[in-house]
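Student: This structure is in structure tokens; I'll ask about it shortly.
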Amino acid sequence: MIEVVAEPGGGLVGAAATAALILVSGLCVLCSYRAVRGPTVPDRVVGLDAVATNVVAIAVLFALKTDRGLFVTVSLVLAIIGFLSTVAVAKFVTEGDVIERQE
């Protein structure tokens, strides 16, 4: 009897995940350029937020390709950290202080 076992990341889903990984990695490089060379601080914040979003997408695509659920959990944690850091930087840019001091 021959047993057929599907390889993780094989077939059409694997090919689509690989193509998406290449595309999102390229977008991450472009967003990194904007984060480093952005003419204004808000441009850099948006670039860093886009990099964080792309890293989350890379983690989810890698989870899909390797068939491991751990990377989905990692991507959720990265999304939360990216959101909190974007809010903190935006508050710092607008108000000049992240945590208000009470005197």
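Residues are referred to by chain and number: the chain letter is A, B, ... according to the order shown in the structure tokens, the number counts from 1 in that chain, and ligands are numbered separately from 1 in the order shown.
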Can you list every residue in chain A that DSSP puts in alpha helix (DSSP H), as a ChimeraX atom specification?
Tutor: /A:11-37,41-66,70-95
Student: Taking only C-alpha atoms into account, which of A:Ala15, A:Leu70, A:Cys31, A:Ile80 comes nearest A:Val45?
Tutor: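 Using only C-alpha atoms, the shortest distance to A:Val45 belongs to A:Cys31.
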Student: I want to know what sits within 9 Å of A:Ile58, based on only C-alpha atoms, with residues of the same chain fewer than 4 positions away left out; could you give that as a ChimeraX atom specification?
Tutor: /A:20-21,24-25,53-54,62-63,75
Student: Would you export the selected residues with C-alpha atoms as a compact mmCIF listing (two decimals), in the first residue's frame, please?
Tutor:
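So the final result, stored in again.txt, reads:
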# COMPACT_ATOMS: atom_id res chain seq x y z
CA ALA A 20 3.62 36.45 -2.02
CA LEU A 21 6.69 36.13 0.24
CA VAL A 24 6.02 41.33 0.46
CA SER A 25 9.77 41.15 1.07
CA THR A 53 2.66 45.28 8.76
CA ASN A 54 4.82 43.61 6.11
CA PHE A 62 5.66 31.57 6.29
CA ALA A 63 3.18 29.83 8.61
CA SER A 75 2.49 37.38 13.89
